[in-house]
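In what follows, a structure is listed as structure tokens, so that the remarks can point back to it.
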Amino acid sequence: MANLPREVFSFFHGLRVRWAEVDPQGIVFNGNYLTYADVAITEYFRSLEVAYPADLLKDGGDFFAVKTLLEYLAPARFDDLLEIGVRVSRLGGASMAFELGIWRGGEQLTSGEVVYVHADADNRKSLRLPDWLRERVRGFERCAPAGC
């Protein structure tokens, strides 16, 4: 995974590191970065005017995480103000890949990827991503008609 420049992200969510998120070394415990990613992806959906999960559930679908990858470049510490960049890097038939970057000021601390599969909420069999969601993502990310 390459470290992406801030300029490739159209969406950022700010977050301040809380005391409970740091470990005895005084740095953010590694598992908390996935929580940060989840919060930022939820806010990304909100910026698209997608009420997650309610809008997906209307069609009987939901998202399930199938892959997460984080690369730690530098540590975040208590009270740091972080900016989390989120973008959709790929829209598949039933999947959606997000690229992430976490910065403190101009320093990139983390890069990552989260892949969701859209599936039936009850039996978890994959479902094609809804067209309305594809259109919103493509419009926001300014994707080519063939996809992100």
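Here, A, B, ... name the chains of the structure tokens in the order displayed, residue numbers run from 1 inside each chain, and ligands are numbered from 1 in the same displayed order.
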Within 6 Å of range 127-144 of chain A, which residues of range 5-123 of chain A come that close, and what is the closest atom pair and distance in Å for each? Count only C-alpha atoms and give it as a Markdown table.
| residue | atom | partner | partner_atom | distance |
| --- | --- | --- | --- | --- |
| A:Gly93 | CA | A:Arg128 | CA | 5.4 |
| A:Ala94 | CA | A:Arg128 | CA | 4.3 |
| A:His118 | CA | A:Leu127 | CA | 5.6 |
| A:Ala119 | CA | A:Leu127 | CA | 4.7 |
Please, could you write that set of residues out with N, CA and C atoms as a PDB file, in the first residue's frame?
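out10.pdb, written as the output of this step:
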ATOM      1  N   GLY A  93     -18.580  -5.347  -7.923  1.00  0.00           N
ATOM      2  CA  GLY A  93     -19.964  -5.754  -8.087  1.00  0.00           C
ATOM      3  C   GLY A  93     -20.731  -5.681  -6.777  1.00  0.00           C
ATOM      4  N   ALA A  94     -20.153  -6.276  -5.736  1.00  0.00           N
ATOM      5  CA  ALA A  94     -20.785  -6.285  -4.419  1.00  0.00           C
ATOM      6  C   ALA A  94     -19.872  -5.694  -3.351  1.00  0.00           C
ATOM      7  N   HIS A 118     -21.213  -5.879   0.287  1.00  0.00           N
ATOM      8  CA  HIS A 118     -22.640  -5.649   0.453  1.00  0.00           C
ATOM      9  C   HIS A 118     -23.321  -7.007   0.356  1.00  0.00           C
ATOM     10  N   ALA A 119     -24.110  -7.338   1.367  1.00  0.00           N
ATOM     11  CA  ALA A 119     -24.738  -8.657   1.406  1.00  0.00           C
ATOM     12  C   ALA A 119     -26.121  -8.564   2.020  1.00  0.00           C
TER      13      ALA A 119
END
Could you tell me, as a short mmCIF file (atom, residue, chain, number, x, y, z; two decimals) with all heavy atoms, in the first residue's frame, which residues of chain A DSSP assigns to helix (DSSP H, G or I) when given the backbone?
data_model
loop_
_atom_site.label_atom_id
_atom_site.label_comp_id
_atom_site.auth_asym_id
_atom_site.auth_seq_id
_atom_site.Cartn_x
_atom_site.Cartn_y
_atom_site.Cartn_z
N ARG A 6 -2.21 13.86 0.64
CA ARG A 6 -3.48 14.39 1.14
C ARG A 6 -4.39 14.84 0.01
O ARG A 6 -5.60 14.78 0.12
CB ARG A 6 -3.23 15.56 2.08
CG ARG A 6 -2.63 15.17 3.41
CD ARG A 6 -2.31 16.42 4.23
NE ARG A 6 -3.50 17.19 4.52
CZ ARG A 6 -4.20 17.12 5.66
NH1 ARG A 6 -3.79 16.34 6.62
NH2 ARG A 6 -5.27 17.85 5.85
N GLU A 7 -3.81 15.31 -1.08
CA GLU A 7 -4.58 15.89 -2.16
C GLU A 7 -5.52 14.89 -2.85
O GLU A 7 -6.44 15.30 -3.55
CB GLU A 7 -3.65 16.50 -3.22
CG GLU A 7 -2.83 17.66 -2.73
CD GLU A 7 -1.63 17.23 -1.85
OE1 GLU A 7 -0.99 16.21 -2.15
OE2 GLU A 7 -1.37 17.92 -0.85
N VAL A 8 -5.29 13.58 -2.69
CA VAL A 8 -6.18 12.61 -3.35
C VAL A 8 -7.48 12.43 -2.58
O VAL A 8 -8.41 11.80 -3.08
CB VAL A 8 -5.50 11.24 -3.59
CG1 VAL A 8 -4.23 11.39 -4.40
CG2 VAL A 8 -5.25 10.51 -2.30
N TRP A 19 -7.54 10.16 26.22
CA TRP A 19 -6.63 9.50 27.15
C TRP A 19 -6.81 7.99 27.14
O TRP A 19 -5.85 7.22 27.18
CB TRP A 19 -6.82 10.06 28.56
CG TRP A 19 -5.95 9.39 29.57
CD1 TRP A 19 -6.32 8.49 30.53
CD2 TRP A 19 -4.54 9.55 29.72
NE1 TRP A 19 -5.24 8.08 31.25
CE2 TRP A 19 -4.12 8.72 30.77
CE3 TRP A 19 -3.58 10.32 29.05
CZ2 TRP A 19 -2.80 8.63 31.17
CZ3 TRP A 19 -2.26 10.22 29.45
CH2 TRP A 19 -1.88 9.39 30.51
N ALA A 20 -8.04 7.52 27.09
CA ALA A 20 -8.33 6.08 27.14
C ALA A 20 -7.81 5.34 25.91
O ALA A 20 -7.76 4.11 25.92
CB ALA A 20 -9.83 5.85 27.28
N GLU A 21 -7.42 6.05 24.86
CA GLU A 21 -6.97 5.41 23.62
C GLU A 21 -5.46 5.17 23.57
O GLU A 21 -4.97 4.54 22.65
CB GLU A 21 -7.41 6.25 22.42
CG GLU A 21 -8.92 6.31 22.32
CD GLU A 21 -9.43 7.41 21.41
OE1 GLU A 21 -8.66 8.32 21.03
OE2 GLU A 21 -10.63 7.37 21.10
N ASN A 32 -7.04 0.94 18.11
CA ASN A 32 -7.89 2.13 18.04
C ASN A 32 -7.91 2.77 16.65
O ASN A 32 -8.87 3.46 16.31
CB ASN A 32 -7.48 3.14 19.10
CG ASN A 32 -7.89 2.69 20.47
OD1 ASN A 32 -8.99 2.18 20.67
ND2 ASN A 32 -7.01 2.85 21.44
N TYR A 33 -6.89 2.51 15.85
CA TYR A 33 -6.87 3.08 14.51
C TYR A 33 -8.01 2.52 13.66
O TYR A 33 -8.54 3.22 12.79
CB TYR A 33 -5.52 2.85 13.83
CG TYR A 33 -4.42 3.67 14.43
CD1 TYR A 33 -3.64 3.17 15.46
CD2 TYR A 33 -4.16 4.96 13.97
CE1 TYR A 33 -2.62 3.92 16.02
CE2 TYR A 33 -3.14 5.73 14.53
CZ TYR A 33 -2.38 5.20 15.56
OH TYR A 33 -1.39 5.95 16.10
N LEU A 34 -8.41 1.27 13.90
CA LEU A 34 -9.56 0.72 13.17
C LEU A 34 -10.86 1.41 13.61
O LEU A 34 -11.75 1.63 12.79
CB LEU A 34 -9.67 -0.79 13.37
CG LEU A 34 -8.66 -1.61 12.58
CD1 LEU A 34 -8.78 -3.08 12.95
CD2 LEU A 34 -8.84 -1.42 11.09
N THR A 35 -10.93 1.76 14.88
CA THR A 35 -12.09 2.53 15.35
C THR A 35 -12.10 3.89 14.67
O THR A 35 -13.16 4.36 14.22
CB THR A 35 -12.06 2.68 16.87
OG1 THR A 35 -12.11 1.37 17.46
CG2 THR A 35 -13.23 3.51 17.37
N TYR A 36 -10.95 4.53 14.58
CA TYR A 36 -10.87 5.83 13.90
C TYR A 36 -11.34 5.69 12.44
O TYR A 36 -12.08 6.53 11.92
CB TYR A 36 -9.46 6.38 13.92
CG TYR A 36 -8.88 6.68 15.28
CD1 TYR A 36 -7.52 6.91 15.42
CD2 TYR A 36 -9.67 6.74 16.43
CE1 TYR A 36 -6.97 7.20 16.66
CE2 TYR A 36 -9.13 7.02 17.66
CZ TYR A 36 -7.77 7.25 17.78
OH TYR A 36 -7.22 7.52 19.00
N ALA A 37 -10.90 4.62 11.77
CA ALA A 37 -11.29 4.38 10.38
C ALA A 37 -12.81 4.20 10.28
O ALA A 37 -13.45 4.78 9.40
CB ALA A 37 -10.57 3.16 9.82
N ASP A 38 -13.37 3.43 11.20
CA ASP A 38 -14.81 3.18 11.19
C ASP A 38 -15.60 4.47 11.39
O ASP A 38 -16.58 4.72 10.69
CB ASP A 38 -15.16 2.16 12.27
CG ASP A 38 -16.61 1.74 12.21
OD1 ASP A 38 -17.02 1.17 11.17
OD2 ASP A 38 -17.33 1.98 13.19
N VAL A 39 -15.16 5.30 12.32
CA VAL A 39 -15.83 6.58 12.56
C VAL A 39 -15.76 7.45 11.30
O VAL A 39 -16.76 8.04 10.87
CB VAL A 39 -15.20 7.31 13.77
CG1 VAL A 39 -15.68 8.75 13.86
CG2 VAL A 39 -15.50 6.56 15.06
N ALA A 40 -14.58 7.53 10.69
CA ALA A 40 -14.42 8.37 9.51
C ALA A 40 -15.24 7.86 8.32
O ALA A 40 -15.82 8.65 7.57
CB ALA A 40 -12.95 8.47 9.13
N ILE A 41 -15.32 6.53 8.16
CA ILE A 41 -16.14 5.98 7.06
C ILE A 41 -17.61 6.28 7.31
O ILE A 41 -18.35 6.63 6.38
CB ILE A 41 -15.87 4.47 6.89
CG1 ILE A 41 -14.47 4.27 6.30
CG2 ILE A 41 -16.93 3.83 5.99
CD1 ILE A 41 -13.99 2.82 6.31
N THR A 42 -18.06 6.19 8.53
CA THR A 42 -19.45 6.55 8.86
C THR A 42 -19.72 8.01 8.51
O THR A 42 -20.77 8.35 7.94
CB THR A 42 -19.74 6.28 10.35
OG1 THR A 42 -19.57 4.89 10.61
CG2 THR A 42 -21.15 6.70 10.73
N GLU A 43 -18.77 8.89 8.82
CA GLU A 43 -18.93 10.30 8.50
C GLU A 43 -18.87 10.55 6.99
O GLU A 43 -19.53 11.45 6.48
CB GLU A 43 -17.90 11.14 9.25
CG GLU A 43 -18.09 11.13 10.75
CD GLU A 43 -19.47 11.62 11.19
OE1 GLU A 43 -20.02 12.57 10.57
OE2 GLU A 43 -20.02 11.03 12.14
N TYR A 44 -18.08 9.75 6.29
CA TYR A 44 -18.03 9.82 4.83
C TYR A 44 -19.43 9.53 4.27
O TYR A 44 -19.95 10.28 3.44
CB TYR A 44 -17.02 8.81 4.29
CG TYR A 44 -16.95 8.72 2.79
CD1 TYR A 44 -16.06 9.50 2.06
CD2 TYR A 44 -17.75 7.83 2.09
CE1 TYR A 44 -15.99 9.40 0.68
CE2 TYR A 44 -17.70 7.73 0.71
CZ TYR A 44 -16.82 8.51 0.01
OH TYR A 44 -16.75 8.42 -1.37
N PHE A 45 -20.06 8.43 4.76
CA PHE A 45 -21.42 8.12 4.33
C PHE A 45 -22.36 9.27 4.64
O PHE A 45 -23.21 9.63 3.82
CB PHE A 45 -21.93 6.83 4.98
CG PHE A 45 -21.42 5.56 4.35
CD1 PHE A 45 -20.84 4.57 5.13
CD2 PHE A 45 -21.55 5.34 3.00
CE1 PHE A 45 -20.39 3.40 4.55
CE2 PHE A 45 -21.10 4.17 2.41
CZ PHE A 45 -20.52 3.19 3.20
N ARG A 46 -22.23 9.84 5.82
CA ARG A 46 -23.10 10.96 6.21
C ARG A 46 -22.93 12.13 5.24
O ARG A 46 -23.90 12.79 4.86
CB ARG A 46 -22.78 11.41 7.64
CG ARG A 46 -23.78 12.36 8.23
CD ARG A 46 -23.45 12.81 9.65
NE ARG A 46 -22.89 11.80 10.52
CZ ARG A 46 -23.59 10.89 11.20
NH1 ARG A 46 -24.90 10.86 11.10
NH2 ARG A 46 -22.99 10.02 11.99
N SER A 47 -21.70 12.39 4.79
CA SER A 47 -21.46 13.48 3.84
C SER A 47 -22.11 13.21 2.49
O SER A 47 -22.40 14.14 1.75
CB SER A 47 -19.96 13.75 3.67
OG SER A 47 -19.36 12.76 2.88
N ALA A 54 -29.32 2.36 7.99
CA ALA A 54 -30.76 2.40 7.68
C ALA A 54 -31.05 2.39 6.18
O ALA A 54 -31.95 1.67 5.72
CB ALA A 54 -31.40 3.61 8.34
N ASP A 55 -30.33 3.18 5.39
CA ASP A 55 -30.62 3.25 3.95
C ASP A 55 -30.35 1.92 3.25
O ASP A 55 -31.07 1.55 2.33
CB ASP A 55 -29.84 4.38 3.29
CG ASP A 55 -30.41 5.75 3.63
OD1 ASP A 55 -31.55 5.83 4.13
OD2 ASP A 55 -29.71 6.75 3.39
N LEU A 56 -29.32 1.22 3.67
CA LEU A 56 -29.03 -0.09 3.06
C LEU A 56 -30.05 -1.14 3.49
O LEU A 56 -30.44 -2.00 2.69
CB LEU A 56 -27.62 -0.55 3.43
CG LEU A 56 -26.48 0.25 2.82
CD1 LEU A 56 -25.16 -0.17 3.41
CD2 LEU A 56 -26.47 0.13 1.32
N LEU A 57 -30.47 -1.06 4.73
CA LEU A 57 -31.43 -2.04 5.24
C LEU A 57 -32.79 -1.95 4.54
O LEU A 57 -33.52 -2.94 4.47
CB LEU A 57 -31.59 -1.89 6.75
CG LEU A 57 -30.38 -2.32 7.57
CD1 LEU A 57 -30.55 -1.91 9.03
CD2 LEU A 57 -30.14 -3.82 7.45
N ASP A 131 -27.55 0.79 -7.04
CA ASP A 131 -27.20 1.81 -8.03
C ASP A 131 -27.20 3.21 -7.43
O ASP A 131 -26.37 4.04 -7.77
CB ASP A 131 -28.16 1.74 -9.23
CG ASP A 131 -27.92 0.51 -10.10
OD1 ASP A 131 -26.79 -0.05 -10.06
OD2 ASP A 131 -28.86 0.10 -10.80
N TRP A 132 -28.16 3.50 -6.53
CA TRP A 132 -28.21 4.83 -5.92
C TRP A 132 -26.93 5.13 -5.14
O TRP A 132 -26.47 6.26 -5.14
CB TRP A 132 -29.45 5.00 -5.04
CG TRP A 132 -29.54 4.07 -3.87
CD1 TRP A 132 -30.22 2.89 -3.80
CD2 TRP A 132 -28.91 4.24 -2.59
NE1 TRP A 132 -30.05 2.31 -2.56
CE2 TRP A 132 -29.25 3.12 -1.80
CE3 TRP A 132 -28.10 5.22 -2.03
CZ2 TRP A 132 -28.81 2.96 -0.49
CZ3 TRP A 132 -27.66 5.07 -0.73
CH2 TRP A 132 -28.02 3.94 0.03
N LEU A 133 -26.36 4.11 -4.50
CA LEU A 133 -25.11 4.30 -3.76
C LEU A 133 -23.94 4.51 -4.71
O LEU A 133 -23.11 5.39 -4.51
CB LEU A 133 -24.85 3.11 -2.83
CG LEU A 133 -23.59 3.20 -1.99
CD1 LEU A 133 -23.60 4.43 -1.09
CD2 LEU A 133 -23.42 1.92 -1.17
N ARG A 134 -23.89 3.72 -5.77
CA ARG A 134 -22.83 3.88 -6.79
C ARG A 134 -22.84 5.30 -7.35
O ARG A 134 -21.80 5.93 -7.50
CB ARG A 134 -23.04 2.90 -7.94
CG ARG A 134 -22.78 1.47 -7.63
CD ARG A 134 -23.16 0.60 -8.85
NE ARG A 134 -23.00 -0.77 -8.51
CZ ARG A 134 -21.84 -1.41 -8.49
NH1 ARG A 134 -20.74 -0.78 -8.81
NH2 ARG A 134 -21.77 -2.67 -8.16
N GLU A 135 -24.04 5.80 -7.66
CA GLU A 135 -24.16 7.14 -8.23
C GLU A 135 -23.66 8.21 -7.26
O GLU A 135 -22.96 9.14 -7.67
CB GLU A 135 -25.61 7.41 -8.62
CG GLU A 135 -26.09 6.59 -9.80
CD GLU A 135 -27.58 6.70 -10.04
OE1 GLU A 135 -28.22 7.63 -9.49
OE2 GLU A 135 -28.12 5.85 -10.78
N ARG A 136 -24.00 8.07 -6.00
CA ARG A 136 -23.54 9.06 -5.01
C ARG A 136 -22.03 9.03 -4.87
O ARG A 136 -21.38 10.08 -4.81
CB ARG A 136 -24.20 8.84 -3.67
CG ARG A 136 -25.65 9.24 -3.69
CD ARG A 136 -26.27 9.21 -2.33
NE ARG A 136 -27.72 9.28 -2.48
CZ ARG A 136 -28.55 9.32 -1.48
NH1 ARG A 136 -28.12 9.28 -0.25
NH2 ARG A 136 -29.85 9.38 -1.70
N VAL A 137 -21.46 7.84 -4.79
CA VAL A 137 -20.00 7.73 -4.65
C VAL A 137 -19.32 8.28 -5.89
O VAL A 137 -18.37 9.07 -5.78
CB VAL A 137 -19.58 6.27 -4.38
CG1 VAL A 137 -18.07 6.10 -4.50
CG2 VAL A 137 -20.07 5.81 -3.01
N ARG A 138 -19.77 7.87 -7.06
CA ARG A 138 -19.14 8.35 -8.30
C ARG A 138 -19.23 9.86 -8.42
O ARG A 138 -18.27 10.52 -8.85
CB ARG A 138 -19.77 7.68 -9.51
CG ARG A 138 -19.35 6.25 -9.67
CD ARG A 138 -19.94 5.63 -10.92
NE ARG A 138 -19.48 4.27 -11.05
CZ ARG A 138 -20.26 3.26 -11.43
NH1 ARG A 138 -21.54 3.48 -11.73
NH2 ARG A 138 -19.77 2.05 -11.53
N GLY A 139 -20.35 10.43 -8.05
CA GLY A 139 -20.49 11.88 -8.10
C GLY A 139 -19.56 12.58 -7.12
O GLY A 139 -18.94 13.59 -7.47
N PHE A 140 -19.45 12.04 -5.93
CA PHE A 140 -18.60 12.66 -4.91
C PHE A 140 -17.12 12.51 -5.25
O PHE A 140 -16.35 13.45 -5.13
CB PHE A 140 -18.88 12.05 -3.54
CG PHE A 140 -18.10 12.69 -2.43
CD1 PHE A 140 -18.50 13.91 -1.92
CD2 PHE A 140 -16.97 12.09 -1.92
CE1 PHE A 140 -17.79 14.53 -0.91
CE2 PHE A 140 -16.25 12.70 -0.90
CZ PHE A 140 -16.67 13.92 -0.40
N GLU A 141 -16.73 11.31 -5.68
CA GLU A 141 -15.32 11.03 -5.98
C GLU A 141 -14.94 11.45 -7.40
O GLU A 141 -13.77 11.33 -7.76
CB GLU A 141 -15.04 9.53 -5.79
CG GLU A 141 -15.24 9.03 -4.37
CD GLU A 141 -14.19 9.51 -3.39
OE1 GLU A 141 -13.17 10.12 -3.81
OE2 GLU A 141 -14.37 9.27 -2.20
#
Here is a test: counting only C-alpha atoms, which residue of A:Asn3, A:Ser126, A:Ser95, A:Gln108 is nearest to Pro75 in chain A?
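Nearest candidate to Pro75 in chain A out of A:Asn3, A:Ser126, A:Ser95, A:Gln108: A:Gln108.
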Residues within 9 Å of Ala74 in chain A, only C-alpha atoms, excluding chain neighbours under 4 positions, as a PyMOL selection string:
chain A and resi 107-110
Show which residues sit within 6 Å of range 96-106 of chain A, as a tab-separated table (two decimals) with N, CA and C atoms, in the first residue's frame. Count only C-alpha atoms, and ignore same-chain residues fewer than 5 positions away.
chain	number	residue	atom	x	y	z
A	82	LEU	N	-6.19	14.71	15.00
A	82	LEU	CA	-5.95	13.92	13.80
A	82	LEU	C	-6.93	14.31	12.71
A	83	GLU	N	-6.51	14.16	11.49
A	83	GLU	CA	-7.38	14.31	10.34
A	83	GLU	C	-7.33	12.99	9.58
A	84	ILE	N	-8.52	12.43	9.36
A	84	ILE	CA	-8.62	11.12	8.72
A	84	ILE	C	-9.20	11.32	7.34
A	85	GLY	N	-8.41	11.03	6.32
A	85	GLY	CA	-8.88	11.11	4.94
A	85	GLY	C	-9.48	9.78	4.52
A	86	VAL	N	-10.61	9.85	3.82
A	86	VAL	CA	-11.31	8.66	3.35
A	86	VAL	C	-11.67	8.88	1.88
A	87	ARG	N	-11.46	7.85	1.08
A	87	ARG	CA	-11.94	7.88	-0.29
A	87	ARG	C	-12.27	6.47	-0.74
A	88	VAL	N	-13.21	6.37	-1.65
A	88	VAL	CA	-13.52	5.08	-2.25
A	88	VAL	C	-12.54	4.88	-3.39
A	89	SER	N	-11.77	3.81	-3.31
A	89	SER	CA	-10.78	3.53	-4.33
A	89	SER	C	-11.28	2.53	-5.36
A	90	ARG	N	-12.32	1.76	-4.99
A	90	ARG	CA	-12.84	0.77	-5.92
A	90	ARG	C	-14.27	0.42	-5.58
A	91	LEU	N	-15.09	0.40	-6.61
A	91	LEU	CA	-16.46	-0.11	-6.50
A	91	LEU	C	-16.51	-1.40	-7.32
A	111	SER	N	-1.58	4.74	7.03
A	111	SER	CA	-2.32	4.55	5.79
A	111	SER	C	-3.05	3.22	5.91
A	112	GLY	N	-4.14	3.09	5.16
A	112	GLY	CA	-4.89	1.85	5.31
A	112	GLY	C	-5.92	1.63	4.23
A	113	GLU	N	-6.53	0.46	4.34
A	113	GLU	CA	-7.59	0.06	3.43
A	113	GLU	C	-8.63	-0.73	4.21
A	114	VAL	N	-9.88	-0.49	3.91
A	114	VAL	CA	-10.99	-1.26	4.47
A	114	VAL	C	-11.87	-1.66	3.29
A	115	VAL	N	-12.19	-2.96	3.21
A	115	VAL	CA	-13.05	-3.46	2.14
A	115	VAL	C	-14.32	-4.00	2.78
A	116	TYR	N	-15.44	-3.52	2.27
A	116	TYR	CA	-16.76	-3.98	2.69
A	116	TYR	C	-17.39	-4.77	1.54
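Going from CA of Phe9 in chain A over to CA of Arg77 in chain A, you cover 23.4 Å.
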